[in-house]
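For reference, the structure discussed in these notes is given below.
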Amino acid sequence: FTAEVLPIALLEASALDKAQMVVFSGGFSYGDYVMSGRIAQLITKNKLGDKLQSFVQNGGYAMGICNGFQILTQLDLLPRGSLVHNESGHFICKWAGLKRNAASPYLNGLPDEFELPIAHAEGRFVGIDGDAKSYVANGRAALLYTSNVNGSSEQIAGLQDETGRVFGLMPHPERFVARSHHYDPDWNGAEKGWGYYMFKSVREAMN
């Protein structure tokens with residue numbers, strides 16, 4: 001990728017004109033005051049209006065990682081639901097087992113099961129009126145945890161929209177792009193870290 005990094009405070013609608021993909025990164029935007037991602041969502045909406053929705057409708061890709069997943073959900077770019085405090089009530093920082101649940105341009109180059117780091121306090125996805133079960137059944141829940149790490153409904157770790165071009169996940173692929181990032185120095189599951197293959201997958205899908 002050729003990337004341009006912009007603080008949300010400097011974001012302008014014109015930034016999307018030549019972009020193929022927008023990524024809302026992980027981290028604690030605006031200190032997660034009020035609720036995780038809420039201030040970032042309000043400022044993004046104020047600056048872009050409906051431009052982000054139009055960007056996706058016209059073939060653009062959007063990805064949200066951790067805090068970015070929370071922001072995309074609040075921007076109504078992903079299936080409805082909320083990301084709330086973990087069932088334990090504590091911040092969780094660990095590696096989590098994951099499994100693909102549906103075809104996704106972000107997951108095409110990954111095995112059926114893999115692992116990525118997670119680091120969040122408000123990462124438990126909750127759906128409304130059985131929504132979570134339907135997301136698992138219809139493929140909107142493209143990524144699931146292999147165990148109950150935070151209490152998420154149906155162990156949902158990531159969601160995609162109906163086009164597959166908008167994808168949000170709580171795990172951090174950017175923290176595992178090289179083999180040396182793995183906690184086991186002898187890990188030899190692949191030539192690169194699994195996060196590398198996630199970004200490579202969506203790059204190839206955009207060609």
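Here, A, B, ... name the chains of the structure tokens in the order displayed, residue numbers run from 1 inside each chain, and ligands are numbered from 1 in the same displayed order.
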
Would you mind listing, for every residue of range 92-123 of chain A within 12 Å of range 53-74 of chain A, the two atoms forming the shortest contact and the distance between them in Å to one decimal, using only C-alpha atoms, sorted by chain and ascending residue number, as JSON lines?
{"residue": "A:Ser104", "atom": "CA", "partner": "A:Tyr61", "partner_atom": "CA", "distance": 12.0}
{"residue": "A:Pro105", "atom": "CA", "partner": "A:Tyr61", "partner_atom": "CA", "distance": 9.9}
{"residue": "A:Tyr106", "atom": "CA", "partner": "A:Met63", "partner_atom": "CA", "distance": 9.1}
{"residue": "A:Leu116", "atom": "CA", "partner": "A:Ile65", "partner_atom": "CA", "distance": 11.9}
{"residue": "A:Pro117", "atom": "CA", "partner": "A:Cys66", "partner_atom": "CA", "distance": 10.8}
{"residue": "A:Ile118", "atom": "CA", "partner": "A:Cys66", "partner_atom": "CA", "distance": 8.3}
{"residue": "A:Ala119", "atom": "CA", "partner": "A:Cys66", "partner_atom": "CA", "distance": 8.0}
{"residue": "A:His120", "atom": "CA", "partner": "A:Cys66", "partner_atom": "CA", "distance": 7.3}
{"residue": "A:Ala121", "atom": "CA", "partner": "A:Cys66", "partner_atom": "CA", "distance": 10.1}
{"residue": "A:Glu122", "atom": "CA", "partner": "A:Gln70", "partner_atom": "CA", "distance": 8.9}
{"residue": "A:Gly123", "atom": "CA", "partner": "A:Cys66", "partner_atom": "CA", "distance": 7.4}

task: For Val126 in chain A, list every protein, DNA or RNA residue within 12 Å, evaluated using only C-alpha atoms, and leave out those in the same chain fewer than 4 positions away; present the list as a PyMOL selection string.
output: chain A and resi 70+73+79-87+122+130-133+135+150-159

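Checking A:Leu78, A:Leu144, A:Leu48, A:Leu11 one by one against Phe167 in chain A, counting only C-alpha atoms, you find the shortest gap at A:Leu78.
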
- request: Please return as a PyMOL selection string: the residues of chain A that backbone DSSP assigns to strand (DSSP E).
  value: chain A and resi 21-24+61-65+82-84+92-100+113-120+124-126+143-145+156-160+166-169

message: So that I can check the secondary structure, give me every residue of chain A assigned helix (DSSP H, G or I) by backbone DSSP, as a PyMOL selection string.
response: chain A and resi 8-10+13-16+29-32+38-48+51-57+67-74+131-138+153-155+173-175+179-181+194-206

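Near range 97-100 of chain A, within 8 Å and counting only C-alpha atoms, sit Leu107, Pro111, Asp112, Glu113, Phe114, Glu115, Leu116, Ala142, Leu143, Leu144, Tyr145, Thr146, Ser147 and Ala157 of chain A, not including residues fewer than 5 positions from it in the same chain.
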
Put those residues in a file: C-alpha atoms, as a PDB file, in the first residue's frame.
ATOM      1  CA  LEU A 107      -9.394 -13.463   5.093  1.00  0.00           C
ATOM      2  CA  PRO A 111      -6.014 -20.704   7.156  1.00  0.00           C
ATOM      3  CA  ASP A 112      -9.326 -21.786   8.643  1.00  0.00           C
ATOM      4  CA  GLU A 113      -7.875 -21.270  12.127  1.00  0.00           C
ATOM      5  CA  PHE A 114      -5.104 -18.904  13.220  1.00  0.00           C
ATOM      6  CA  GLU A 115      -4.270 -16.541  16.080  1.00  0.00           C
ATOM      7  CA  LEU A 116      -3.774 -12.815  16.640  1.00  0.00           C
ATOM      8  CA  ALA A 142     -16.784 -13.469   9.211  1.00  0.00           C
ATOM      9  CA  LEU A 143     -14.428 -14.057  12.137  1.00  0.00           C
ATOM     10  CA  LEU A 144     -15.071 -15.921  15.386  1.00  0.00           C
ATOM     11  CA  TYR A 145     -13.025 -16.641  18.501  1.00  0.00           C
ATOM     12  CA  THR A 146     -12.278 -20.307  19.065  1.00  0.00           C
ATOM     13  CA  SER A 147     -13.042 -19.847  22.775  1.00  0.00           C
ATOM     14  CA  ALA A 157     -14.506 -11.403  16.763  1.00  0.00           C
TER      15      ALA A 157
END

message: Just checking: using only C-alpha atoms, which residue out of A:Arg165, A:His182, A:Arg175, A:Lys51 ends up closest to Ser201 in chain A?
response: A:Arg165

message: Neighbouring residues of Leu10 in chain A were defined as those with any atom within 12 Å, considering only C-alpha atoms; residues of the same chain fewer than 3 positions away were excluded. Please report them as a PyMOL selection string.
response: chain A and resi 4-7+13-15+40+43-44+46-48

message: Which residues are near Thr2 in chain A? Cut-off 12 Å, only C-alpha atoms, ignore same chain within fewer than 6 positions. Put them as a ChimeraX atom specification.
response: /A:18-22,203

Write the selection just made, keeping N, CA, C and O atoms, as an mmCIF file, in the first residue's frame?
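As a result, part_29.cif now contains:
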data_model
loop_
_atom_site.group_PDB
_atom_site.id
_atom_site.type_symbol
_atom_site.label_atom_id
_atom_site.label_comp_id
_atom_site.auth_asym_id
_atom_site.auth_seq_id
_atom_site.Cartn_x
_atom_site.Cartn_y
_atom_site.Cartn_z
ATOM 1 N N LYS A 18 -9.089 9.984 -3.849
ATOM 2 C CA LYS A 18 -8.140 9.120 -4.539
ATOM 3 C C LYS A 18 -7.847 7.837 -3.774
ATOM 4 O O LYS A 18 -6.966 7.072 -4.176
ATOM 5 N N ALA A 19 -8.571 7.614 -2.706
ATOM 6 C CA ALA A 19 -8.314 6.440 -1.863
ATOM 7 C C ALA A 19 -9.061 5.214 -2.376
ATOM 8 O O ALA A 19 -10.137 5.318 -2.965
ATOM 9 N N GLN A 20 -8.473 4.055 -2.156
ATOM 10 C CA GLN A 20 -9.141 2.789 -2.409
ATOM 11 C C GLN A 20 -9.619 2.141 -1.116
ATOM 12 O O GLN A 20 -10.532 1.326 -1.118
ATOM 13 N N MET A 21 -8.978 2.528 0.004
ATOM 14 C CA MET A 21 -9.269 1.892 1.278
ATOM 15 C C MET A 21 -9.033 2.880 2.418
ATOM 16 O O MET A 21 -8.094 3.671 2.369
ATOM 17 N N VAL A 22 -9.915 2.826 3.394
ATOM 18 C CA VAL A 22 -9.786 3.640 4.600
ATOM 19 C C VAL A 22 -9.670 2.696 5.792
ATOM 20 O O VAL A 22 -10.450 1.747 5.914
ATOM 21 N N ARG A 203 -5.357 -6.476 -0.224
ATOM 22 C CA ARG A 203 -4.641 -5.782 -1.314
ATOM 23 C C ARG A 203 -4.846 -6.511 -2.631
ATOM 24 O O ARG A 203 -5.070 -5.882 -3.668
#

message: As an exercise, work out the distance from CA of Lys45 in chain A to CA of Phe125 in chain A in Å and give it to one decimal place.
response: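 So the answer is 22.2 Å.
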